[in-house]
>>> print(open('input_32.cif').read())   # mmCIF, N, CA and C atoms
data_coords
loop_
_atom_site.label_atom_id
_atom_site.label_comp_id
_atom_site.auth_asym_id
_atom_site.auth_seq_id
_atom_site.Cartn_x
_atom_site.Cartn_y
_atom_site.Cartn_z
N MET A 138 -52.47 28.64 -147.25
CA MET A 138 -53.47 28.52 -146.22
C MET A 138 -54.25 29.82 -146.08
N ASN A 139 -53.55 30.92 -145.94
CA ASN A 139 -54.18 32.23 -145.87
C ASN A 139 -55.23 32.36 -144.76
N GLU A 140 -54.95 31.80 -143.62
CA GLU A 140 -55.81 31.92 -142.46
C GLU A 140 -55.16 32.88 -141.47
N PRO A 141 -55.95 33.54 -140.62
CA PRO A 141 -55.36 34.41 -139.61
C PRO A 141 -54.37 33.62 -138.74
N ALA A 142 -53.25 34.23 -138.44
CA ALA A 142 -52.22 33.60 -137.62
C ALA A 142 -51.54 34.67 -136.79
N TYR A 143 -50.86 34.26 -135.75
CA TYR A 143 -50.32 35.21 -134.79
C TYR A 143 -48.91 34.82 -134.37
N LEU A 144 -48.14 35.84 -134.03
CA LEU A 144 -46.84 35.65 -133.41
C LEU A 144 -46.94 36.24 -132.02
N LEU A 145 -46.75 35.43 -131.02
CA LEU A 145 -46.78 35.88 -129.63
C LEU A 145 -45.38 35.78 -129.07
N LEU A 146 -44.83 36.93 -128.67
CA LEU A 146 -43.48 36.95 -128.11
C LEU A 146 -43.52 36.69 -126.61
N GLU A 147 -42.38 36.33 -126.06
CA GLU A 147 -42.28 35.99 -124.65
C GLU A 147 -42.76 37.11 -123.73
N ASP A 148 -42.58 38.37 -124.16
CA ASP A 148 -42.99 39.50 -123.32
C ASP A 148 -44.49 39.83 -123.44
N GLY A 149 -45.22 39.03 -124.22
CA GLY A 149 -46.65 39.22 -124.37
C GLY A 149 -47.06 40.04 -125.59
N THR A 150 -46.11 40.56 -126.35
CA THR A 150 -46.42 41.32 -127.55
C THR A 150 -46.99 40.38 -128.61
N LEU A 151 -48.09 40.80 -129.22
CA LEU A 151 -48.79 39.98 -130.20
C LEU A 151 -48.77 40.67 -131.57
N PHE A 152 -48.37 39.94 -132.59
CA PHE A 152 -48.38 40.42 -133.97
C PHE A 152 -49.39 39.58 -134.75
N HIS A 153 -50.28 40.25 -135.47
CA HIS A 153 -51.31 39.58 -136.28
C HIS A 153 -50.81 39.44 -137.71
N GLY A 154 -51.07 38.29 -138.30
CA GLY A 154 -50.67 38.06 -139.68
C GLY A 154 -51.55 37.03 -140.34
N THR A 155 -51.03 36.46 -141.42
CA THR A 155 -51.72 35.44 -142.20
C THR A 155 -50.77 34.28 -142.41
N SER A 156 -51.28 33.06 -142.34
CA SER A 156 -50.42 31.90 -142.50
C SER A 156 -50.14 31.60 -143.98
N PHE A 157 -48.97 31.07 -144.23
CA PHE A 157 -48.63 30.43 -145.50
C PHE A 157 -47.56 29.41 -145.18
N GLY A 158 -47.22 28.58 -146.12
CA GLY A 158 -46.30 27.49 -145.80
C GLY A 158 -47.07 26.35 -145.15
N ALA A 159 -46.39 25.56 -144.34
CA ALA A 159 -47.02 24.42 -143.67
C ALA A 159 -48.03 24.90 -142.64
N PRO A 160 -49.00 24.06 -142.31
CA PRO A 160 -49.96 24.44 -141.28
C PRO A 160 -49.26 24.79 -139.97
N LEU A 161 -49.76 25.83 -139.34
CA LEU A 161 -49.17 26.27 -138.07
C LEU A 161 -49.55 25.29 -136.96
N ALA A 162 -48.57 24.95 -136.17
CA ALA A 162 -48.82 24.03 -135.07
C ALA A 162 -48.17 24.55 -133.79
N GLY A 163 -47.97 25.84 -133.72
CA GLY A 163 -47.37 26.40 -132.52
C GLY A 163 -45.86 26.29 -132.48
N ALA A 164 -45.18 26.84 -133.45
CA ALA A 164 -43.72 26.82 -133.47
C ALA A 164 -43.18 27.66 -132.32
N VAL A 165 -42.23 27.10 -131.59
CA VAL A 165 -41.60 27.80 -130.47
C VAL A 165 -40.11 27.83 -130.74
N GLY A 166 -39.51 29.00 -130.52
CA GLY A 166 -38.08 29.11 -130.72
C GLY A 166 -37.60 30.53 -130.58
N GLU A 167 -36.31 30.70 -130.70
CA GLU A 167 -35.72 32.03 -130.65
C GLU A 167 -36.02 32.76 -131.96
N THR A 168 -36.51 33.98 -131.85
CA THR A 168 -36.81 34.78 -133.02
C THR A 168 -35.61 35.67 -133.34
N CYS A 169 -35.15 35.61 -134.57
CA CYS A 169 -34.05 36.45 -135.01
C CYS A 169 -34.42 37.07 -136.35
N PHE A 170 -33.68 38.10 -136.75
CA PHE A 170 -34.01 38.77 -138.00
C PHE A 170 -32.83 38.79 -138.95
N TRP A 171 -33.16 38.93 -140.24
CA TRP A 171 -32.17 38.99 -141.31
C TRP A 171 -32.49 40.22 -142.14
N THR A 172 -31.53 41.12 -142.29
CA THR A 172 -31.78 42.38 -142.98
C THR A 172 -31.34 42.38 -144.44
N GLY A 173 -30.87 41.26 -144.95
CA GLY A 173 -30.44 41.19 -146.35
C GLY A 173 -31.61 41.41 -147.30
N MET A 174 -31.32 41.98 -148.46
CA MET A 174 -32.37 42.24 -149.45
C MET A 174 -32.49 41.13 -150.48
N THR A 175 -31.56 40.19 -150.47
CA THR A 175 -31.59 39.07 -151.40
C THR A 175 -31.20 37.81 -150.65
N ASP A 176 -31.17 36.70 -151.35
CA ASP A 176 -30.63 35.43 -150.82
C ASP A 176 -31.50 34.79 -149.74
N TYR A 177 -32.82 34.94 -149.83
CA TYR A 177 -33.66 34.28 -148.82
C TYR A 177 -33.53 32.77 -148.89
N GLN A 178 -33.27 32.21 -150.08
CA GLN A 178 -33.10 30.76 -150.19
C GLN A 178 -31.90 30.28 -149.38
N GLU A 179 -30.78 30.98 -149.53
CA GLU A 179 -29.58 30.62 -148.79
C GLU A 179 -29.79 30.79 -147.28
N THR A 180 -30.52 31.82 -146.91
CA THR A 180 -30.71 32.14 -145.50
C THR A 180 -31.58 31.10 -144.81
N ILE A 181 -32.71 30.71 -145.41
CA ILE A 181 -33.59 29.76 -144.74
C ILE A 181 -32.99 28.36 -144.66
N SER A 182 -32.00 28.08 -145.48
CA SER A 182 -31.35 26.77 -145.46
C SER A 182 -29.96 26.80 -144.80
N ASP A 183 -29.62 27.90 -144.17
CA ASP A 183 -28.32 28.05 -143.51
C ASP A 183 -28.30 27.28 -142.19
N PRO A 184 -27.41 26.32 -142.03
CA PRO A 184 -27.36 25.55 -140.78
C PRO A 184 -27.13 26.41 -139.54
N ALA A 185 -26.54 27.59 -139.69
CA ALA A 185 -26.33 28.47 -138.54
C ALA A 185 -27.65 28.97 -137.96
N LEU A 186 -28.73 28.91 -138.72
CA LEU A 186 -30.03 29.38 -138.25
C LEU A 186 -30.95 28.22 -137.85
N SER A 187 -30.38 27.07 -137.64
CA SER A 187 -31.15 25.88 -137.29
C SER A 187 -32.02 26.10 -136.06
N GLY A 188 -33.31 25.82 -136.20
CA GLY A 188 -34.24 25.93 -135.09
C GLY A 188 -34.73 27.33 -134.77
N LYS A 189 -34.34 28.32 -135.54
CA LYS A 189 -34.74 29.72 -135.28
C LYS A 189 -36.05 30.05 -135.99
N ILE A 190 -36.79 30.99 -135.43
CA ILE A 190 -37.91 31.61 -136.11
C ILE A 190 -37.32 32.84 -136.78
N LEU A 191 -37.29 32.82 -138.11
CA LEU A 191 -36.57 33.82 -138.88
C LEU A 191 -37.50 34.90 -139.40
N VAL A 192 -37.14 36.16 -139.14
CA VAL A 192 -37.86 37.32 -139.65
C VAL A 192 -37.02 37.92 -140.77
N LEU A 193 -37.58 38.02 -141.97
CA LEU A 193 -36.90 38.67 -143.08
C LEU A 193 -37.44 40.08 -143.19
N THR A 194 -36.55 41.07 -143.15
CA THR A 194 -37.00 42.46 -143.12
C THR A 194 -37.28 43.04 -144.49
N HIS A 195 -36.80 42.42 -145.55
CA HIS A 195 -37.11 42.92 -146.89
C HIS A 195 -38.61 42.78 -147.10
N PRO A 196 -39.28 43.80 -147.63
CA PRO A 196 -40.75 43.77 -147.67
C PRO A 196 -41.37 42.70 -148.57
N GLY A 197 -40.73 42.31 -149.65
CA GLY A 197 -41.29 41.30 -150.55
C GLY A 197 -40.38 40.11 -150.65
N VAL A 198 -40.91 38.92 -150.38
CA VAL A 198 -40.09 37.70 -150.36
C VAL A 198 -40.80 36.61 -151.17
N GLY A 199 -40.03 35.85 -151.92
CA GLY A 199 -40.56 34.70 -152.62
C GLY A 199 -40.74 34.86 -154.11
N ASN A 200 -40.48 36.05 -154.63
CA ASN A 200 -40.76 36.31 -156.04
C ASN A 200 -39.88 35.54 -157.01
N VAL A 201 -38.74 35.04 -156.59
CA VAL A 201 -37.90 34.25 -157.49
C VAL A 201 -38.08 32.75 -157.26
N GLY A 202 -38.92 32.37 -156.31
CA GLY A 202 -39.14 30.96 -156.03
C GLY A 202 -37.94 30.33 -155.33
N VAL A 203 -37.83 29.01 -155.48
CA VAL A 203 -36.75 28.26 -154.84
C VAL A 203 -36.18 27.29 -155.86
N ASN A 204 -34.87 27.15 -155.86
CA ASN A 204 -34.21 26.12 -156.67
C ASN A 204 -33.06 25.55 -155.87
N ALA A 205 -32.79 24.28 -156.08
CA ALA A 205 -31.80 23.55 -155.29
C ALA A 205 -30.41 24.15 -155.35
N ARG A 206 -30.05 24.77 -156.47
CA ARG A 206 -28.69 25.30 -156.62
C ARG A 206 -28.41 26.49 -155.71
N ASP A 207 -29.45 27.20 -155.28
CA ASP A 207 -29.24 28.39 -154.45
C ASP A 207 -29.40 28.14 -152.96
N LEU A 208 -29.55 26.91 -152.55
CA LEU A 208 -29.70 26.58 -151.13
C LEU A 208 -28.33 26.40 -150.48
N SER A 209 -28.25 26.72 -149.19
CA SER A 209 -27.00 26.52 -148.44
C SER A 209 -26.84 25.09 -147.98
N SER A 210 -27.94 24.36 -147.86
CA SER A 210 -27.89 22.96 -147.45
C SER A 210 -29.07 22.22 -148.09
N ASP A 211 -29.22 20.97 -147.77
CA ASP A 211 -30.21 20.13 -148.45
C ASP A 211 -31.67 20.37 -148.06
N LYS A 212 -31.90 21.20 -147.02
CA LYS A 212 -33.27 21.46 -146.58
C LYS A 212 -33.31 22.76 -145.78
N PRO A 213 -34.50 23.31 -145.53
CA PRO A 213 -34.56 24.50 -144.69
C PRO A 213 -34.18 24.13 -143.26
N ARG A 214 -33.48 25.01 -142.60
CA ARG A 214 -33.01 24.74 -141.24
C ARG A 214 -33.80 25.52 -140.19
N ILE A 215 -34.60 26.48 -140.63
CA ILE A 215 -35.34 27.32 -139.69
C ILE A 215 -36.55 26.56 -139.14
N ARG A 216 -37.07 27.03 -138.02
CA ARG A 216 -38.27 26.44 -137.43
C ARG A 216 -39.53 27.06 -138.02
N ALA A 217 -39.47 28.36 -138.34
CA ALA A 217 -40.60 29.08 -138.93
C ALA A 217 -40.06 30.32 -139.63
N LEU A 218 -40.89 30.89 -140.52
CA LEU A 218 -40.49 32.06 -141.30
C LEU A 218 -41.55 33.14 -141.16
N ILE A 219 -41.10 34.39 -141.03
CA ILE A 219 -42.00 35.53 -140.92
C ILE A 219 -41.57 36.58 -141.95
N VAL A 220 -42.53 37.02 -142.77
CA VAL A 220 -42.24 38.01 -143.81
C VAL A 220 -43.35 39.07 -143.84
N ARG A 221 -43.03 40.19 -144.47
CA ARG A 221 -44.03 41.24 -144.63
C ARG A 221 -45.02 40.86 -145.72
N GLU A 222 -44.48 40.49 -146.89
CA GLU A 222 -45.35 40.14 -148.02
C GLU A 222 -44.75 38.95 -148.76
N ALA A 223 -45.48 37.84 -148.76
CA ALA A 223 -45.02 36.64 -149.45
C ALA A 223 -45.62 36.60 -150.85
N SER A 224 -44.77 36.43 -151.84
CA SER A 224 -45.22 36.32 -153.22
C SER A 224 -45.64 34.88 -153.51
N SER A 225 -46.79 34.72 -154.12
CA SER A 225 -47.24 33.38 -154.50
C SER A 225 -46.75 33.01 -155.90
N LEU A 226 -46.22 34.00 -156.62
CA LEU A 226 -45.71 33.75 -157.97
C LEU A 226 -44.19 33.70 -157.95
N ALA A 227 -43.64 32.68 -158.57
CA ALA A 227 -42.19 32.55 -158.71
C ALA A 227 -41.84 32.89 -160.15
N SER A 228 -41.21 34.04 -160.36
CA SER A 228 -41.00 34.54 -161.71
C SER A 228 -39.62 34.26 -162.30
N ASN A 229 -38.73 33.66 -161.56
CA ASN A 229 -37.39 33.40 -162.07
C ASN A 229 -37.38 32.14 -162.93
N TYR A 230 -36.68 32.18 -164.04
CA TYR A 230 -36.63 31.03 -164.95
C TYR A 230 -35.97 29.80 -164.30
N ARG A 231 -35.18 30.02 -163.25
CA ARG A 231 -34.51 28.90 -162.57
C ARG A 231 -35.37 28.30 -161.46
N SER A 232 -36.50 28.89 -161.18
CA SER A 232 -37.35 28.43 -160.08
C SER A 232 -37.84 27.00 -160.32
N GLU A 233 -37.78 26.19 -159.26
CA GLU A 233 -38.29 24.83 -159.31
C GLU A 233 -39.62 24.70 -158.57
N GLU A 234 -39.88 25.61 -157.64
CA GLU A 234 -41.14 25.64 -156.92
C GLU A 234 -41.28 26.97 -156.19
N SER A 235 -42.48 27.29 -155.76
CA SER A 235 -42.70 28.54 -155.02
C SER A 235 -42.15 28.39 -153.60
N LEU A 236 -41.90 29.52 -152.96
CA LEU A 236 -41.44 29.49 -151.58
C LEU A 236 -42.47 28.81 -150.68
N GLY A 237 -43.74 29.14 -150.86
CA GLY A 237 -44.80 28.52 -150.06
C GLY A 237 -44.83 27.01 -150.20
N ASP A 238 -44.74 26.51 -151.45
CA ASP A 238 -44.73 25.06 -151.69
C ASP A 238 -43.50 24.40 -151.07
N TYR A 239 -42.36 25.07 -151.16
CA TYR A 239 -41.12 24.55 -150.57
C TYR A 239 -41.28 24.40 -149.05
N LEU A 240 -41.85 25.42 -148.42
CA LEU A 240 -42.05 25.37 -146.98
C LEU A 240 -43.05 24.28 -146.60
N ILE A 241 -44.12 24.14 -147.36
CA ILE A 241 -45.09 23.08 -147.10
C ILE A 241 -44.42 21.72 -147.21
N ARG A 242 -43.66 21.51 -148.26
CA ARG A 242 -42.99 20.22 -148.49
C ARG A 242 -42.08 19.83 -147.34
N HIS A 243 -41.50 20.84 -146.68
CA HIS A 243 -40.58 20.58 -145.58
C HIS A 243 -41.20 20.79 -144.19
N GLY A 244 -42.50 21.07 -144.14
CA GLY A 244 -43.18 21.21 -142.86
C GLY A 244 -42.83 22.47 -142.08
N ILE A 245 -42.46 23.54 -142.78
CA ILE A 245 -42.07 24.79 -142.14
C ILE A 245 -43.25 25.77 -142.18
N PRO A 246 -43.79 26.15 -141.01
CA PRO A 246 -44.86 27.15 -141.00
C PRO A 246 -44.31 28.54 -141.25
N ALA A 247 -45.16 29.41 -141.77
CA ALA A 247 -44.73 30.78 -142.07
C ALA A 247 -45.90 31.74 -141.86
N LEU A 248 -45.53 32.99 -141.58
CA LEU A 248 -46.50 34.07 -141.43
C LEU A 248 -46.16 35.17 -142.43
N THR A 249 -47.18 35.76 -143.01
CA THR A 249 -47.03 36.92 -143.85
C THR A 249 -47.97 38.01 -143.32
N ASP A 250 -47.89 39.19 -143.90
CA ASP A 250 -48.69 40.34 -143.46
C ASP A 250 -48.33 40.78 -142.05
N ILE A 251 -47.09 40.56 -141.66
CA ILE A 251 -46.56 41.01 -140.37
C ILE A 251 -45.73 42.27 -140.63
N ASP A 252 -45.84 43.26 -139.76
CA ASP A 252 -45.00 44.45 -139.86
C ASP A 252 -43.61 44.06 -139.38
N THR A 253 -42.78 43.57 -140.30
CA THR A 253 -41.46 43.06 -139.92
C THR A 253 -40.52 44.14 -139.43
N ARG A 254 -40.72 45.37 -139.86
CA ARG A 254 -39.86 46.46 -139.35
C ARG A 254 -40.15 46.71 -137.88
N ALA A 255 -41.43 46.77 -137.53
CA ALA A 255 -41.81 46.97 -136.12
C ALA A 255 -41.35 45.78 -135.28
N LEU A 256 -41.51 44.58 -135.81
CA LEU A 256 -41.08 43.38 -135.10
C LEU A 256 -39.57 43.40 -134.88
N THR A 257 -38.81 43.76 -135.91
CA THR A 257 -37.35 43.82 -135.79
C THR A 257 -36.93 44.85 -134.75
N LEU A 258 -37.54 46.01 -134.77
CA LEU A 258 -37.22 47.03 -133.75
C LEU A 258 -37.54 46.52 -132.36
N HIS A 259 -38.65 45.81 -132.23
CA HIS A 259 -39.02 45.27 -130.92
C HIS A 259 -38.01 44.21 -130.45
N ILE A 260 -37.58 43.36 -131.35
CA ILE A 260 -36.61 42.33 -130.99
C ILE A 260 -35.27 42.95 -130.57
N ARG A 261 -34.87 44.01 -131.29
CA ARG A 261 -33.58 44.66 -130.99
C ARG A 261 -33.59 45.19 -129.60
#
>>> encode(input="input_32.cif", output="structure tokens")
Amino acid sequence: MNEPAYLLLEDGTLFHGTSFGAPLAGAVGETCFWTGMTDYQETISDPALSGKILVLTHPGVGNVGVNARDLSSDKPRIRALIVREASSLASNYRSEESLGDYLIRHGIPALTDIDTRALTLHIR
């Protein structure tokens, strides 16, 4: 999509970004962060994160794409995804689709170009 998009926190703090994934329709939920440097596929499909707006603190996400073998469950469990930089290219030989296409297929909105470090510090 690559349209301007925003994250508005309950305290009124506004983060500007760009949309990717499914069209944004005003996702509402608890925002939490994940500091792992790998395993974004497992994390977004983890049932323990069901309904959460997930912030990934690793600066680049999506470069290996998505494949069914690396998922924790049969579908993404998060309500929305926020990353610093989303890769549109999936370079892993096991990739079955890009992260953006996977999110679109499952109706999960996402934001990129967000300062996830500042957001994580603010959430903490």
>>> residues_around(input="input_32.cif", residues="region 242-246 of chain A", least_positions_apart="6", cutoff="8 Å", atoms="all atoms listed in the file", output="ChimeraX atom specification")
/A:156-162,164,212-213,215-219,236
>>> closest_residue(input="input_32.cif", among="A:Glu167, A:Glu222, A:Asp238, A:Glu179", to="Thr155 (chain A)", atoms="only C-alpha atoms")
A:Glu222
>>> resolve_selection(input="input_32.cif", expression="the PyMOL selection byres ((chain A and resi 146-154) around 6.5)", output="MDAnalysis selection string")
chainID A and resid 140:145 155:156 248:251
>>> write_last_selection(input="input_32.cif", atoms="N, CA and C atoms", output="PDB file, in the coordinates of the input")
ATOM      1  N   GLU A 140     -54.950  31.800-143.620  1.00  0.00           N
ATOM      2  CA  GLU A 140     -55.810  31.920-142.460  1.00  0.00           C
ATOM      3  C   GLU A 140     -55.160  32.880-141.470  1.00  0.00           C
ATOM      4  N   PRO A 141     -55.950  33.540-140.620  1.00  0.00           N
ATOM      5  CA  PRO A 141     -55.360  34.410-139.610  1.00  0.00           C
ATOM      6  C   PRO A 141     -54.370  33.620-138.740  1.00  0.00           C
ATOM      7  N   ALA A 142     -53.250  34.230-138.440  1.00  0.00           N
ATOM      8  CA  ALA A 142     -52.220  33.600-137.620  1.00  0.00           C
ATOM      9  C   ALA A 142     -51.540  34.670-136.790  1.00  0.00           C
ATOM     10  N   TYR A 143     -50.860  34.260-135.750  1.00  0.00           N
ATOM     11  CA  TYR A 143     -50.320  35.210-134.790  1.00  0.00           C
ATOM     12  C   TYR A 143     -48.910  34.820-134.370  1.00  0.00           C
ATOM     13  N   LEU A 144     -48.140  35.840-134.030  1.00  0.00           N
ATOM     14  CA  LEU A 144     -46.840  35.650-133.410  1.00  0.00           C
ATOM     15  C   LEU A 144     -46.940  36.240-132.020  1.00  0.00           C
ATOM     16  N   LEU A 145     -46.750  35.430-131.020  1.00  0.00           N
ATOM     17  CA  LEU A 145     -46.780  35.880-129.630  1.00  0.00           C
ATOM     18  C   LEU A 145     -45.380  35.780-129.070  1.00  0.00           C
ATOM     19  N   THR A 155     -51.030  36.460-141.420  1.00  0.00           N
ATOM     20  CA  THR A 155     -51.720  35.440-142.200  1.00  0.00           C
ATOM     21  C   THR A 155     -50.770  34.280-142.410  1.00  0.00           C
ATOM     22  N   SER A 156     -51.280  33.060-142.340  1.00  0.00           N
ATOM     23  CA  SER A 156     -50.420  31.900-142.500  1.00  0.00           C
ATOM     24  C   SER A 156     -50.140  31.600-143.980  1.00  0.00           C
ATOM     25  N   LEU A 248     -45.530  32.990-141.580  1.00  0.00           N
ATOM     26  CA  LEU A 248     -46.500  34.070-141.430  1.00  0.00           C
ATOM     27  C   LEU A 248     -46.160  35.170-142.430  1.00  0.00           C
ATOM     28  N   THR A 249     -47.180  35.760-143.010  1.00  0.00           N
ATOM     29  CA  THR A 249     -47.030  36.920-143.850  1.00  0.00           C
ATOM     30  C   THR A 249     -47.970  38.010-143.320  1.00  0.00           C
ATOM     31  N   ASP A 250     -47.890  39.190-143.900  1.00  0.00           N
ATOM     32  CA  ASP A 250     -48.690  40.340-143.460  1.00  0.00           C
ATOM     33  C   ASP A 250     -48.330  40.780-142.050  1.00  0.00           C
ATOM     34  N   ILE A 251     -47.090  40.560-141.660  1.00  0.00           N
ATOM     35  CA  ILE A 251     -46.560  41.010-140.370  1.00  0.00           C
ATOM     36  C   ILE A 251     -45.730  42.270-140.630  1.00  0.00           C
TER      37      ILE A 251
END
>>> resolve_selection(input="input_32.cif", expression="the PyMOL selection byres (((chain A and resi 207 and name CA) around 12) and name CA)", output="PyMOL selection string")
chain A and resi 175-183+201-206+208-213+231-233
>>> residues_around(input="input_32.cif", residues="Ser225 (chain A)", least_positions_apart="3", cutoff="6.5 Å", atoms="all atoms listed in the file", output="MDAnalysis selection string")
chainID A and resid 199:200 235
>>> select_by_dssp(input="input_32.cif", residues="region 191-247 of chain A", states="strand (DSSP E or B)", output="number ranges by chain")
A: 191-193, 197-198, 203, 217-219, 222-223, 234, 246-247
>>> resolve_selection(input="input_32.cif", expression="the PyMOL selection byres ((chain A and resi 197) around 6.5)", output="list in words")
Thr194, His195, Pro196, Val198, Gly199, Asn200, Arg221, Glu222, Ala223 and Ser224 of chain A
>>> closest_residue(input="input_32.cif", among="A:Ile260, A:Ala247, A:Leu193, A:Val220", to="Gly163 (chain A)", atoms="only C-alpha atoms")
A:Ala247
>>> axis_aligned_box(input="input_32.cif", around="region 187-198 of chain A", padding_each_side="8 Å", output="JSON")
{"center_x": -35.9, "center_y": 34.8, "center_z": -143.0, "size_x": 27.0, "size_y": 34.0, "size_z": 32.4}
>>> decode(input="input_32.cif", residues="region 177-190 of chain A", atoms="N, CA and C atoms", output="PDB file, in the first residue's frame")
ATOM      1  N   TYR A 177      10.633 -13.874  13.238  1.00  0.00           N
ATOM      2  CA  TYR A 177       9.407 -13.074  13.155  1.00  0.00           C
ATOM      3  C   TYR A 177       8.219 -13.920  12.718  1.00  0.00           C
ATOM      4  N   GLN A 178       8.450 -14.957  11.903  1.00  0.00           N
ATOM      5  CA  GLN A 178       7.347 -15.818  11.470  1.00  0.00           C
ATOM      6  C   GLN A 178       6.708 -16.531  12.661  1.00  0.00           C
ATOM      7  N   GLU A 179       7.549 -17.095  13.520  1.00  0.00           N
ATOM      8  CA  GLU A 179       7.052 -17.778  14.702  1.00  0.00           C
ATOM      9  C   GLU A 179       6.329 -16.807  15.641  1.00  0.00           C
ATOM     10  N   THR A 180       6.860 -15.604  15.745  1.00  0.00           N
ATOM     11  CA  THR A 180       6.312 -14.621  16.679  1.00  0.00           C
ATOM     12  C   THR A 180       4.936 -14.137  16.244  1.00  0.00           C
ATOM     13  N   ILE A 181       4.765 -13.788  14.960  1.00  0.00           N
ATOM     14  CA  ILE A 181       3.468 -13.255  14.533  1.00  0.00           C
ATOM     15  C   ILE A 181       2.375 -14.319  14.538  1.00  0.00           C
ATOM     16  N   SER A 182       2.758 -15.584  14.543  1.00  0.00           N
ATOM     17  CA  SER A 182       1.774 -16.665  14.573  1.00  0.00           C
ATOM     18  C   SER A 182       1.669 -17.338  15.944  1.00  0.00           C
ATOM     19  N   ASP A 183       2.284 -16.761  16.948  1.00  0.00           N
ATOM     20  CA  ASP A 183       2.263 -17.320  18.303  1.00  0.00           C
ATOM     21  C   ASP A 183       0.909 -17.051  18.967  1.00  0.00           C
ATOM     22  N   PRO A 184       0.178 -18.080  19.353  1.00  0.00           N
ATOM     23  CA  PRO A 184      -1.127 -17.876  19.991  1.00  0.00           C
ATOM     24  C   PRO A 184      -1.063 -17.020  21.262  1.00  0.00           C
ATOM     25  N   ALA A 185       0.087 -16.973  21.922  1.00  0.00           N
ATOM     26  CA  ALA A 185       0.217 -16.150  23.130  1.00  0.00           C
ATOM     27  C   ALA A 185       0.101 -14.660  22.816  1.00  0.00           C
ATOM     28  N   LEU A 186       0.288 -14.271  21.559  1.00  0.00           N
ATOM     29  CA  LEU A 186       0.198 -12.864  21.170  1.00  0.00           C
ATOM     30  C   LEU A 186      -1.119 -12.546  20.466  1.00  0.00           C
ATOM     31  N   SER A 187      -2.090 -13.401  20.616  1.00  0.00           N
ATOM     32  CA  SER A 187      -3.382 -13.226  19.963  1.00  0.00           C
ATOM     33  C   SER A 187      -4.013 -11.876  20.303  1.00  0.00           C
ATOM     34  N   GLY A 188      -4.373 -11.138  19.264  1.00  0.00           N
ATOM     35  CA  GLY A 188      -5.051  -9.860  19.439  1.00  0.00           C
ATOM     36  C   GLY A 188      -4.152  -8.683  19.777  1.00  0.00           C
ATOM     37  N   LYS A 189      -2.849  -8.883  19.833  1.00  0.00           N
ATOM     38  CA  LYS A 189      -1.912  -7.803  20.191  1.00  0.00           C
ATOM     39  C   LYS A 189      -1.468  -7.030  18.952  1.00  0.00           C
ATOM     40  N   ILE A 190      -1.123  -5.770  19.147  1.00  0.00           N
ATOM     41  CA  ILE A 190      -0.423  -4.987  18.142  1.00  0.00           C
ATOM     42  C   ILE A 190       1.049  -5.176  18.463  1.00  0.00           C
TER      43      ILE A 190
END
